[in-house]
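Structure file upload_29.csv; described as CSV, N, CA and C atoms.
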```csv
chain,number,residue,atom,x,y,z
A,707,LYS,N,0.9,-1.2,0.0
A,707,LYS,CA,0.0,0.0,0.0
A,707,LYS,C,0.9,1.2,0.0
A,708,ARG,N,0.4,2.3,-0.6
A,708,ARG,CA,1.1,3.5,-0.6
A,708,ARG,C,1.4,4.0,0.8
A,709,ARG,N,2.6,4.6,1.0
A,709,ARG,CA,3.1,5.1,2.3
A,709,ARG,C,3.0,6.6,2.3
A,710,PHE,N,3.1,7.3,1.2
A,710,PHE,CA,3.1,8.7,1.2
A,710,PHE,C,2.0,9.3,0.4
A,711,VAL,N,1.6,10.5,0.8
A,711,VAL,CA,0.6,11.3,0.1
A,711,VAL,C,1.1,12.7,-0.1
A,712,SER,N,0.9,13.3,-1.2
A,712,SER,CA,1.5,14.7,-1.4
A,712,SER,C,0.7,15.7,-0.7
A,713,ALA,N,1.4,16.8,-0.4
A,713,ALA,CA,0.8,18.0,0.2
A,713,ALA,C,-0.4,18.5,-0.6
A,714,THR,N,-0.1,18.6,-1.9
A,714,THR,CA,-1.1,19.1,-2.9
A,714,THR,C,-2.4,18.3,-2.8
A,715,SER,N,-2.3,16.9,-2.8
A,715,SER,CA,-3.5,16.1,-2.8
A,715,SER,C,-4.2,16.2,-1.5
A,716,VAL,N,-3.5,16.4,-0.4
A,716,VAL,CA,-4.2,16.6,0.9
A,716,VAL,C,-4.9,17.9,0.9
A,717,ARG,N,-4.2,19.0,0.5
A,717,ARG,CA,-4.8,20.3,0.4
A,717,ARG,C,-6.1,20.3,-0.4
A,718,ASP,N,-6.0,19.6,-1.6
A,718,ASP,CA,-7.2,19.6,-2.5
A,718,ASP,C,-8.3,18.8,-1.8
A,719,ALA,N,-8.0,17.7,-1.1
A,719,ALA,CA,-9.0,16.9,-0.5
A,719,ALA,C,-9.7,17.7,0.6
A,720,LEU,N,-8.9,18.4,1.4
A,720,LEU,CA,-9.5,19.3,2.5
A,720,LEU,C,-10.4,20.4,1.9
A,721,SER,N,-9.9,20.9,0.8
A,721,SER,CA,-10.8,22.0,0.2
A,721,SER,C,-12.1,21.5,-0.4
A,722,ARG,N,-12.1,20.2,-0.7
A,722,ARG,CA,-13.4,19.6,-1.2
A,722,ARG,C,-14.2,19.1,0.0
A,723,GLY,N,-13.7,19.2,1.2
A,723,GLY,CA,-14.4,18.7,2.4
A,723,GLY,C,-14.4,17.2,2.6
A,724,GLU,N,-13.4,16.6,2.0
A,724,GLU,CA,-13.3,15.1,2.2
A,724,GLU,C,-13.0,14.7,3.6
A,725,ARG,N,-13.5,13.6,4.0
A,725,ARG,CA,-13.2,13.2,5.4
A,725,ARG,C,-11.8,12.6,5.5
A,726,MET,N,-11.1,13.0,6.5
A,726,MET,CA,-9.8,12.5,6.8
A,726,MET,C,-9.4,12.8,8.2
A,727,VAL,N,-8.5,12.1,8.7
A,727,VAL,CA,-7.9,12.4,10.1
A,727,VAL,C,-6.5,12.9,9.8
A,728,LEU,N,-6.2,14.1,10.4
A,728,LEU,CA,-4.9,14.6,10.4
A,728,LEU,C,-4.2,14.5,11.7
A,729,LEU,N,-3.0,13.9,11.8
A,729,LEU,CA,-2.3,13.8,13.0
A,729,LEU,C,-0.9,14.5,12.9
A,730,ASP,N,-0.6,15.3,13.9
A,730,ASP,CA,0.7,16.0,13.9
A,730,ASP,C,1.6,15.2,14.8
A,731,ALA,N,2.7,14.7,14.3
A,731,ALA,CA,3.6,13.8,15.1
A,731,ALA,C,4.7,14.6,15.8
A,732,ARG,N,4.7,15.9,15.7
A,732,ARG,CA,5.7,16.7,16.4
A,732,ARG,C,5.4,16.9,17.9
A,733,PRO,N,6.3,17.4,18.6
A,733,PRO,CA,6.0,17.7,20.0
A,733,PRO,C,4.8,18.7,20.1
A,734,VAL,N,4.0,18.6,21.2
A,734,VAL,CA,2.8,19.4,21.4
A,734,VAL,C,3.1,20.9,21.3
A,735,SER,N,4.3,21.3,21.8
A,735,SER,CA,4.7,22.7,21.7
A,735,SER,C,4.7,23.2,20.3
A,736,ASP,N,5.2,22.3,19.4
A,736,ASP,CA,5.2,22.7,18.0
A,736,ASP,C,3.8,22.8,17.4
A,737,TRP,N,2.9,21.8,17.8
A,737,TRP,CA,1.5,21.9,17.3
A,737,TRP,C,0.8,23.1,17.8
A,738,GLN,N,1.2,23.5,19.1
A,738,GLN,CA,0.5,24.7,19.6
A,738,GLN,C,1.0,26.0,18.9
A,739,ARG,N,2.2,26.0,18.4
A,739,ARG,CA,2.6,27.2,17.6
A,739,ARG,C,1.9,27.3,16.2
A,740,SER,N,1.8,26.2,15.6
A,740,SER,CA,1.2,26.1,14.3
A,740,SER,C,0.9,24.7,13.8
A,741,HIS,N,-0.2,24.5,13.2
A,741,HIS,CA,-0.6,23.2,12.7
A,741,HIS,C,-1.5,23.3,11.5
A,742,ILE,N,-1.7,22.2,10.8
A,742,ILE,CA,-2.7,22.1,9.7
A,742,ILE,C,-4.0,22.1,10.4
A,743,PRO,N,-5.0,22.9,9.9
A,743,PRO,CA,-6.3,23.0,10.5
A,743,PRO,C,-6.9,21.6,10.7
A,744,GLY,N,-7.4,21.4,11.9
A,744,GLY,CA,-8.1,20.1,12.2
A,744,GLY,C,-7.1,19.0,12.7
A,745,ALA,N,-5.8,19.3,12.6
A,745,ALA,CA,-4.9,18.2,13.0
A,745,ALA,C,-4.9,18.1,14.6
A,746,LEU,N,-4.7,16.8,15.0
A,746,LEU,CA,-4.6,16.5,16.4
A,746,LEU,C,-3.2,16.2,16.8
A,747,PRO,N,-2.7,16.7,17.9
A,747,PRO,CA,-1.3,16.4,18.3
A,747,PRO,C,-1.2,15.0,18.8
A,748,VAL,N,-0.3,14.2,18.2
A,748,VAL,CA,0.1,12.9,18.6
A,748,VAL,C,1.6,12.8,18.5
A,749,PRO,N,2.3,13.3,19.5
A,749,PRO,CA,3.8,13.3,19.4
A,749,PRO,C,4.3,11.8,19.2
A,750,PHE,N,5.2,11.7,18.3
A,750,PHE,CA,5.8,10.4,18.0
A,750,PHE,C,6.3,9.7,19.2
A,751,TYR,N,6.8,10.4,20.2
A,751,TYR,CA,7.5,9.7,21.3
A,751,TYR,C,6.4,9.2,22.3
A,752,ASP,N,5.1,9.6,22.2
A,752,ASP,CA,4.1,9.0,23.0
A,752,ASP,C,3.5,7.8,22.5
A,753,GLY,N,3.8,7.4,21.2
A,753,GLY,CA,3.2,6.2,20.6
A,753,GLY,C,1.7,6.5,20.3
A,754,VAL,N,1.0,5.5,19.9
A,754,VAL,CA,-0.4,5.6,19.3
A,754,VAL,C,-1.5,5.0,20.2
A,755,ASP,N,-1.1,4.3,21.3
A,755,ASP,CA,-2.1,3.6,22.0
A,755,ASP,C,-3.2,4.5,22.5
A,756,GLY,N,-2.9,5.8,22.9
A,756,GLY,CA,-3.9,6.7,23.3
A,756,GLY,C,-4.9,7.2,22.3
A,757,ILE,N,-4.5,7.2,21.0
A,757,ILE,CA,-5.3,7.7,19.9
A,757,ILE,C,-6.1,6.6,19.2
A,758,VAL,N,-5.5,5.4,19.2
A,758,VAL,CA,-6.1,4.4,18.3
A,758,VAL,C,-7.6,4.1,18.7
A,759,PRO,N,-8.0,4.1,19.9
A,759,PRO,CA,-9.4,3.9,20.2
A,759,PRO,C,-10.4,5.0,19.6
A,760,HIS,N,-9.8,6.1,19.3
A,760,HIS,CA,-10.6,7.2,18.9
A,760,HIS,C,-10.6,7.4,17.3
A,761,LEU,N,-9.8,6.6,16.7
A,761,LEU,CA,-9.7,6.7,15.2
A,761,LEU,C,-10.9,5.9,14.5
A,762,PRO,N,-11.3,6.3,13.4
A,762,PRO,CA,-12.3,5.6,12.7
A,762,PRO,C,-11.8,4.2,12.3
A,763,ASP,N,-12.7,3.2,12.3
A,763,ASP,CA,-12.3,1.9,12.0
A,763,ASP,C,-12.9,1.5,10.6
A,764,ASP,N,-12.5,2.3,9.6
A,764,ASP,CA,-13.0,2.1,8.3
A,764,ASP,C,-11.9,2.6,7.3
A,765,ASP,N,-12.3,3.0,6.1
A,765,ASP,CA,-11.4,3.4,5.1
A,765,ASP,C,-11.0,4.9,5.1
A,766,THR,N,-11.3,5.6,6.2
A,766,THR,CA,-11.0,7.0,6.3
A,766,THR,C,-9.5,7.2,6.2
A,767,PRO,N,-9.0,8.0,5.4
A,767,PRO,CA,-7.6,8.3,5.3
A,767,PRO,C,-7.1,8.9,6.6
A,768,ILE,N,-5.9,8.5,7.1
A,768,ILE,CA,-5.3,9.1,8.2
A,768,ILE,C,-3.9,9.6,7.7
A,769,VAL,N,-3.8,10.9,7.8
A,769,VAL,CA,-2.6,11.6,7.2
A,769,VAL,C,-1.8,12.1,8.4
A,770,VAL,N,-0.5,11.6,8.5
A,770,VAL,CA,0.4,12.0,9.6
A,770,VAL,C,1.5,12.9,9.1
A,771,TYR,N,1.8,13.9,9.8
A,771,TYR,CA,2.9,14.8,9.3
A,771,TYR,C,3.8,15.2,10.5
A,772,CYS,N,5.0,15.6,10.1
A,772,CYS,CA,6.0,16.2,11.0
A,772,CYS,C,6.8,17.2,10.2
A,773,ALA,N,7.9,17.7,10.7
A,773,ALA,CA,8.7,18.6,10.0
A,773,ALA,C,9.9,18.0,9.4
A,774,CYS,N,10.2,16.7,9.7
A,774,CYS,CA,11.4,16.0,9.4
A,774,CYS,C,11.8,15.8,7.9
A,775,PRO,N,10.9,15.4,6.9
A,775,PRO,CA,9.5,15.3,6.9
A,775,PRO,C,9.0,13.9,7.1
A,776,HIS,N,9.9,12.9,7.3
A,776,HIS,CA,9.3,11.5,7.4
A,776,HIS,C,9.6,10.7,8.7
A,777,ALA,N,10.6,11.2,9.5
A,777,ALA,CA,11.0,10.4,10.6
A,777,ALA,C,10.0,10.2,11.7
A,778,ALA,N,9.5,11.3,12.2
A,778,ALA,CA,8.5,11.2,13.3
A,778,ALA,C,7.1,10.6,12.8
A,779,SER,N,6.7,11.2,11.6
A,779,SER,CA,5.4,10.7,11.0
A,779,SER,C,5.5,9.3,10.6
A,780,GLY,N,6.7,8.8,10.2
A,780,GLY,CA,6.9,7.4,9.8
A,780,GLY,C,6.7,6.5,11.0
A,781,LYS,N,7.2,6.9,12.2
A,781,LYS,CA,7.0,6.1,13.4
A,781,LYS,C,5.5,5.9,13.7
A,782,ILE,N,4.7,7.0,13.6
A,782,ILE,CA,3.3,6.9,13.9
A,782,ILE,C,2.6,6.1,12.8
A,783,VAL,N,2.9,6.3,11.5
A,783,VAL,CA,2.3,5.5,10.5
A,783,VAL,C,2.6,4.0,10.6
A,784,ASP,N,3.8,3.7,10.9
A,784,ASP,CA,4.2,2.3,11.1
A,784,ASP,C,3.3,1.7,12.3
A,785,ALA,N,3.2,2.4,13.4
A,785,ALA,CA,2.5,1.9,14.5
A,785,ALA,C,1.0,1.7,14.2
A,786,LEU,N,0.5,2.7,13.5
A,786,LEU,CA,-1.0,2.6,13.1
A,786,LEU,C,-1.2,1.4,12.2
A,787,ARG,N,-0.3,1.2,11.2
A,787,ARG,CA,-0.5,0.1,10.3
A,787,ARG,C,-0.4,-1.2,11.0
A,788,GLU,N,0.5,-1.3,12.0
A,788,GLU,CA,0.6,-2.5,12.8
A,788,GLU,C,-0.7,-2.8,13.5
A,789,ARG,N,-1.5,-1.8,13.8
A,789,ARG,CA,-2.7,-1.9,14.5
A,789,ARG,C,-3.9,-2.0,13.6
A,790,GLY,N,-3.7,-2.2,12.3
A,790,GLY,CA,-4.7,-2.4,11.3
A,790,GLY,C,-5.2,-1.2,10.6
A,791,HIS,N,-4.6,0.0,10.8
A,791,HIS,CA,-5.0,1.2,10.1
A,791,HIS,C,-4.2,1.3,8.8
A,792,ARG,N,-4.7,0.5,7.8
A,792,ARG,CA,-3.9,0.4,6.5
A,792,ARG,C,-4.0,1.7,5.7
A,793,HIS,N,-4.9,2.6,6.0
A,793,HIS,CA,-5.0,3.8,5.2
A,793,HIS,C,-4.2,5.0,5.8
A,794,ALA,N,-3.3,4.7,6.7
A,794,ALA,CA,-2.4,5.7,7.3
A,794,ALA,C,-1.3,6.0,6.3
A,795,ARG,N,-1.1,7.3,6.1
A,795,ARG,CA,-0.1,7.8,5.1
A,795,ARG,C,0.7,8.9,5.8
A,796,ILE,N,1.9,9.1,5.2
A,796,ILE,CA,2.8,10.2,5.6
A,796,ILE,C,2.6,11.4,4.6
A,797,LEU,N,2.4,12.6,5.2
A,797,LEU,CA,2.4,13.8,4.3
A,797,LEU,C,3.9,13.9,3.8
A,798,ASP,N,4.1,13.6,2.5
A,798,ASP,CA,5.4,13.4,2.0
A,798,ASP,C,6.3,14.6,2.2
A,799,GLU,N,5.9,15.8,2.0
A,799,GLU,CA,6.8,17.0,2.1
A,799,GLU,C,6.9,17.5,3.5
A,800,GLY,N,6.0,17.1,4.4
A,800,GLY,CA,6.1,17.6,5.7
A,800,GLY,C,5.4,19.0,5.9
A,801,VAL,N,5.2,19.4,7.1
A,801,VAL,CA,4.5,20.6,7.4
A,801,VAL,C,5.2,21.9,7.0
A,802,LEU,N,6.5,21.9,7.0
A,802,LEU,CA,7.3,23.1,6.6
A,802,LEU,C,7.1,23.5,5.2
A,803,VAL,N,7.1,22.5,4.3
A,803,VAL,CA,6.8,22.7,2.9
A,803,VAL,C,5.4,23.1,2.7
A,804,TRP,N,4.5,22.4,3.5
A,804,TRP,CA,3.0,22.8,3.4
A,804,TRP,C,2.9,24.3,3.7
A,805,ALA,N,3.5,24.8,4.8
A,805,ALA,CA,3.3,26.2,5.2
A,805,ALA,C,4.0,27.1,4.2
A,806,SER,N,5.2,26.7,3.6
A,806,SER,CA,5.9,27.5,2.7
A,806,SER,C,5.1,27.7,1.4
A,807,ARG,N,4.3,26.8,1.1
A,807,ARG,CA,3.4,26.9,-0.1
A,807,ARG,C,2.2,27.8,0.1
A,808,GLY,N,2.0,28.2,1.3
A,808,GLY,CA,0.8,29.0,1.6
A,808,GLY,C,-0.4,28.2,1.9
A,809,TYR,N,-0.3,26.9,2.1
A,809,TYR,CA,-1.5,26.1,2.4
A,809,TYR,C,-1.9,26.5,3.8
A,810,PRO,N,-3.2,26.1,4.1
A,810,PRO,CA,-3.8,26.6,5.4
A,810,PRO,C,-3.0,26.1,6.6
A,811,ILE,N,-2.8,27.0,7.6
A,811,ILE,CA,-2.1,26.8,8.8
A,811,ILE,C,-2.9,27.5,9.9
A,812,GLU,N,-3.1,26.8,11.0
A,812,GLU,CA,-3.7,27.5,12.2
A,812,GLU,C,-2.5,27.9,13.1
A,813,LEU,N,-2.6,29.1,13.6
A,813,LEU,CA,-1.5,29.5,14.6
A,813,LEU,C,-2.1,29.5,16.0
A,814,GLY,N,-1.3,28.9,16.9
A,814,GLY,CA,-1.8,28.9,18.3
A,814,GLY,C,-2.9,27.9,18.5
A,815,THR,N,-3.4,27.9,19.7
A,815,THR,CA,-4.5,27.0,20.1
A,815,THR,C,-5.4,27.7,21.1
A,816,PRO,N,-6.7,27.5,21.0
A,816,PRO,CA,-7.5,28.2,22.0
A,816,PRO,C,-7.3,27.9,23.4
```
With the file now loaded, output its structure as C-alpha cells.
Amino acid sequence: KRRFVSATSVRDALSRGERMVLLDARPVSDWQRSHIPGALPVPFYDGVDGIVPHLPDDDTPIVVYCACPHAASGKIVDALRERGHRHARILDEGVLVWASRGYPIELGTP
C-alpha cells in the first residue's frame, strides 16, 4: 500500500471537504505554535495507544505529518499500520513545505 501522500493532494481533499484524520507527530509545543487546521497532536514519542481507540475503523484516510518530513510521522504511520489502520499515510513533504506553499495553517491553540 502507498506510504506517502502529497501535500497538494491533501490540500485539495481538504478544500473539497473530504473526510480524513490529520495527526501532527511533532511535540505538542510545535503543534501549539502552528498546525494544519483540524490536526490533532500525537507526538511520535508518546506512541499511538492513546489515539487508536478514537480513530475511525473504516477506510477513512489518516494523514500524519511532521517537519522531518518522514522520521516522526513514519513512526506513527508504522504503529498505526501494525494496529490495522492500513489507510495511514505520511504527508510526503512535511508541514514546513506545506506552510511555505501558503497552504492553510492555524496559529496557536484556543
Could you check which of A:Ile796, A:Val770, A:Val748, A:Ile811 is closest to Val711 (chain A), using all atoms listed in the file?
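Comparing A:Ile796, A:Val770, A:Val748, A:Ile811 against Val711 (chain A), the winner is A:Ile796.
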If you run DSSP on the backbone here, which positions in chain A get alpha helix (DSSP H)? Please write them as a ChimeraX atom specification.
/A:713-721,734-739,777-788,800-806
Take the residues just selected and output them with N, CA and C atoms as an mmCIF file, in the coordinates of the input.
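That gives us again_29.cif:
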```cif
data_model
loop_
_atom_site.group_PDB
_atom_site.id
_atom_site.type_symbol
_atom_site.label_atom_id
_atom_site.label_comp_id
_atom_site.auth_asym_id
_atom_site.auth_seq_id
_atom_site.Cartn_x
_atom_site.Cartn_y
_atom_site.Cartn_z
ATOM 1 N N ALA A 713 1.400 16.800 -0.400
ATOM 2 C CA ALA A 713 0.800 18.000 0.200
ATOM 3 C C ALA A 713 -0.400 18.500 -0.600
ATOM 4 N N THR A 714 -0.100 18.600 -1.900
ATOM 5 C CA THR A 714 -1.100 19.100 -2.900
ATOM 6 C C THR A 714 -2.400 18.300 -2.800
ATOM 7 N N SER A 715 -2.300 16.900 -2.800
ATOM 8 C CA SER A 715 -3.500 16.100 -2.800
ATOM 9 C C SER A 715 -4.200 16.200 -1.500
ATOM 10 N N VAL A 716 -3.500 16.400 -0.400
ATOM 11 C CA VAL A 716 -4.200 16.600 0.900
ATOM 12 C C VAL A 716 -4.900 17.900 0.900
ATOM 13 N N ARG A 717 -4.200 19.000 0.500
ATOM 14 C CA ARG A 717 -4.800 20.300 0.400
ATOM 15 C C ARG A 717 -6.100 20.300 -0.400
ATOM 16 N N ASP A 718 -6.000 19.600 -1.600
ATOM 17 C CA ASP A 718 -7.200 19.600 -2.500
ATOM 18 C C ASP A 718 -8.300 18.800 -1.800
ATOM 19 N N ALA A 719 -8.000 17.700 -1.100
ATOM 20 C CA ALA A 719 -9.000 16.900 -0.500
ATOM 21 C C ALA A 719 -9.700 17.700 0.600
ATOM 22 N N LEU A 720 -8.900 18.400 1.400
ATOM 23 C CA LEU A 720 -9.500 19.300 2.500
ATOM 24 C C LEU A 720 -10.400 20.400 1.900
ATOM 25 N N SER A 721 -9.900 20.900 0.800
ATOM 26 C CA SER A 721 -10.800 22.000 0.200
ATOM 27 C C SER A 721 -12.100 21.500 -0.400
ATOM 28 N N VAL A 734 4.000 18.600 21.200
ATOM 29 C CA VAL A 734 2.800 19.400 21.400
ATOM 30 C C VAL A 734 3.100 20.900 21.300
ATOM 31 N N SER A 735 4.300 21.300 21.800
ATOM 32 C CA SER A 735 4.700 22.700 21.700
ATOM 33 C C SER A 735 4.700 23.200 20.300
ATOM 34 N N ASP A 736 5.200 22.300 19.400
ATOM 35 C CA ASP A 736 5.200 22.700 18.000
ATOM 36 C C ASP A 736 3.800 22.800 17.400
ATOM 37 N N TRP A 737 2.900 21.800 17.800
ATOM 38 C CA TRP A 737 1.500 21.900 17.300
ATOM 39 C C TRP A 737 0.800 23.100 17.800
ATOM 40 N N GLN A 738 1.200 23.500 19.100
ATOM 41 C CA GLN A 738 0.500 24.700 19.600
ATOM 42 C C GLN A 738 1.000 26.000 18.900
ATOM 43 N N ARG A 739 2.200 26.000 18.400
ATOM 44 C CA ARG A 739 2.600 27.200 17.600
ATOM 45 C C ARG A 739 1.900 27.300 16.200
ATOM 46 N N ALA A 777 10.600 11.200 9.500
ATOM 47 C CA ALA A 777 11.000 10.400 10.600
ATOM 48 C C ALA A 777 10.000 10.200 11.700
ATOM 49 N N ALA A 778 9.500 11.300 12.200
ATOM 50 C CA ALA A 778 8.500 11.200 13.300
ATOM 51 C C ALA A 778 7.100 10.600 12.800
ATOM 52 N N SER A 779 6.700 11.200 11.600
ATOM 53 C CA SER A 779 5.400 10.700 11.000
ATOM 54 C C SER A 779 5.500 9.300 10.600
ATOM 55 N N GLY A 780 6.700 8.800 10.200
ATOM 56 C CA GLY A 780 6.900 7.400 9.800
ATOM 57 C C GLY A 780 6.700 6.500 11.000
ATOM 58 N N LYS A 781 7.200 6.900 12.200
ATOM 59 C CA LYS A 781 7.000 6.100 13.400
ATOM 60 C C LYS A 781 5.500 5.900 13.700
ATOM 61 N N ILE A 782 4.700 7.000 13.600
ATOM 62 C CA ILE A 782 3.300 6.900 13.900
ATOM 63 C C ILE A 782 2.600 6.100 12.800
ATOM 64 N N VAL A 783 2.900 6.300 11.500
ATOM 65 C CA VAL A 783 2.300 5.500 10.500
ATOM 66 C C VAL A 783 2.600 4.000 10.600
ATOM 67 N N ASP A 784 3.800 3.700 10.900
ATOM 68 C CA ASP A 784 4.200 2.300 11.100
ATOM 69 C C ASP A 784 3.300 1.700 12.300
ATOM 70 N N ALA A 785 3.200 2.400 13.400
ATOM 71 C CA ALA A 785 2.500 1.900 14.500
ATOM 72 C C ALA A 785 1.000 1.700 14.200
ATOM 73 N N LEU A 786 0.500 2.700 13.500
ATOM 74 C CA LEU A 786 -1.000 2.600 13.100
ATOM 75 C C LEU A 786 -1.200 1.400 12.200
ATOM 76 N N ARG A 787 -0.300 1.200 11.200
ATOM 77 C CA ARG A 787 -0.500 0.100 10.300
ATOM 78 C C ARG A 787 -0.400 -1.200 11.000
ATOM 79 N N GLU A 788 0.500 -1.300 12.000
ATOM 80 C CA GLU A 788 0.600 -2.500 12.800
ATOM 81 C C GLU A 788 -0.700 -2.800 13.500
ATOM 82 N N GLY A 800 6.000 17.100 4.400
ATOM 83 C CA GLY A 800 6.100 17.600 5.700
ATOM 84 C C GLY A 800 5.400 19.000 5.900
ATOM 85 N N VAL A 801 5.200 19.400 7.100
ATOM 86 C CA VAL A 801 4.500 20.600 7.400
ATOM 87 C C VAL A 801 5.200 21.900 7.000
ATOM 88 N N LEU A 802 6.500 21.900 7.000
ATOM 89 C CA LEU A 802 7.300 23.100 6.600
ATOM 90 C C LEU A 802 7.100 23.500 5.200
ATOM 91 N N VAL A 803 7.100 22.500 4.300
ATOM 92 C CA VAL A 803 6.800 22.700 2.900
ATOM 93 C C VAL A 803 5.400 23.100 2.700
ATOM 94 N N TRP A 804 4.500 22.400 3.500
ATOM 95 C CA TRP A 804 3.000 22.800 3.400
ATOM 96 C C TRP A 804 2.900 24.300 3.700
ATOM 97 N N ALA A 805 3.500 24.800 4.800
ATOM 98 C CA ALA A 805 3.300 26.200 5.200
ATOM 99 C C ALA A 805 4.000 27.100 4.200
ATOM 100 N N SER A 806 5.200 26.700 3.600
ATOM 101 C CA SER A 806 5.900 27.500 2.700
ATOM 102 C C SER A 806 5.100 27.700 1.400
#
```
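Closest approach to Gln738 (chain A) from the set A:Ile768, A:Leu813, A:Ile757, A:Ala785 is made by A:Leu813, with distances taken over only N, CA and C atoms.
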What is the distance, in Å and to one decimal place, between CA of Thr714 (chain A) and atom N of Ile742 (chain A)?
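Taking CA of Thr714 (chain A) as the start and atom N of Ile742 (chain A) as the end point, the length is 14.1 Å.
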To test your reading of the structure, identify every residue in region 727-780 of chain A that backbone DSSP assigns to strand (DSSP E), and report it as JSON, numbers by chain.
{"A": [727, 728, 729, 730, 740, 741, 746, 747, 768, 769, 770, 771]}
Residues just named, written with N, CA and C atoms as a PDB file, keeping the file's coordinate frame:
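Final file, selection.pdb:
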```pdb
ATOM      1  N   VAL A 727      -8.500  12.100   8.700  1.00  0.00           N
ATOM      2  CA  VAL A 727      -7.900  12.400  10.100  1.00  0.00           C
ATOM      3  C   VAL A 727      -6.500  12.900   9.800  1.00  0.00           C
ATOM      4  N   LEU A 728      -6.200  14.100  10.400  1.00  0.00           N
ATOM      5  CA  LEU A 728      -4.900  14.600  10.400  1.00  0.00           C
ATOM      6  C   LEU A 728      -4.200  14.500  11.700  1.00  0.00           C
ATOM      7  N   LEU A 729      -3.000  13.900  11.800  1.00  0.00           N
ATOM      8  CA  LEU A 729      -2.300  13.800  13.000  1.00  0.00           C
ATOM      9  C   LEU A 729      -0.900  14.500  12.900  1.00  0.00           C
ATOM     10  N   ASP A 730      -0.600  15.300  13.900  1.00  0.00           N
ATOM     11  CA  ASP A 730       0.700  16.000  13.900  1.00  0.00           C
ATOM     12  C   ASP A 730       1.600  15.200  14.800  1.00  0.00           C
ATOM     13  N   SER A 740       1.800  26.200  15.600  1.00  0.00           N
ATOM     14  CA  SER A 740       1.200  26.100  14.300  1.00  0.00           C
ATOM     15  C   SER A 740       0.900  24.700  13.800  1.00  0.00           C
ATOM     16  N   HIS A 741      -0.200  24.500  13.200  1.00  0.00           N
ATOM     17  CA  HIS A 741      -0.600  23.200  12.700  1.00  0.00           C
ATOM     18  C   HIS A 741      -1.500  23.300  11.500  1.00  0.00           C
ATOM     19  N   LEU A 746      -4.700  16.800  15.000  1.00  0.00           N
ATOM     20  CA  LEU A 746      -4.600  16.500  16.400  1.00  0.00           C
ATOM     21  C   LEU A 746      -3.200  16.200  16.800  1.00  0.00           C
ATOM     22  N   PRO A 747      -2.700  16.700  17.900  1.00  0.00           N
ATOM     23  CA  PRO A 747      -1.300  16.400  18.300  1.00  0.00           C
ATOM     24  C   PRO A 747      -1.200  15.000  18.800  1.00  0.00           C
ATOM     25  N   ILE A 768      -5.900   8.500   7.100  1.00  0.00           N
ATOM     26  CA  ILE A 768      -5.300   9.100   8.200  1.00  0.00           C
ATOM     27  C   ILE A 768      -3.900   9.600   7.700  1.00  0.00           C
ATOM     28  N   VAL A 769      -3.800  10.900   7.800  1.00  0.00           N
ATOM     29  CA  VAL A 769      -2.600  11.600   7.200  1.00  0.00           C
ATOM     30  C   VAL A 769      -1.800  12.100   8.400  1.00  0.00           C
ATOM     31  N   VAL A 770      -0.500  11.600   8.500  1.00  0.00           N
ATOM     32  CA  VAL A 770       0.400  12.000   9.600  1.00  0.00           C
ATOM     33  C   VAL A 770       1.500  12.900   9.100  1.00  0.00           C
ATOM     34  N   TYR A 771       1.800  13.900   9.800  1.00  0.00           N
ATOM     35  CA  TYR A 771       2.900  14.800   9.300  1.00  0.00           C
ATOM     36  C   TYR A 771       3.800  15.200  10.500  1.00  0.00           C
TER      37      TYR A 771
END
```
Could you tell me how far atom C of Thr766 (chain A) lies from CA of Met726 (chain A), in Å and to one decimal?
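Between atom C of Thr766 (chain A) and CA of Met726 (chain A) the gap works out to 5.3 Å.
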Considering only C-alpha atoms, return as number ranges by chain whatever protein or nucleic-acid residues lie within 12 Å of region 716-718 of chain A, sequence-local ones (same chain, fewer than 4 positions apart) excluded.
A: 710-712, 722-728, 742-743, 767-771, 795-801, 804-805, 807-811
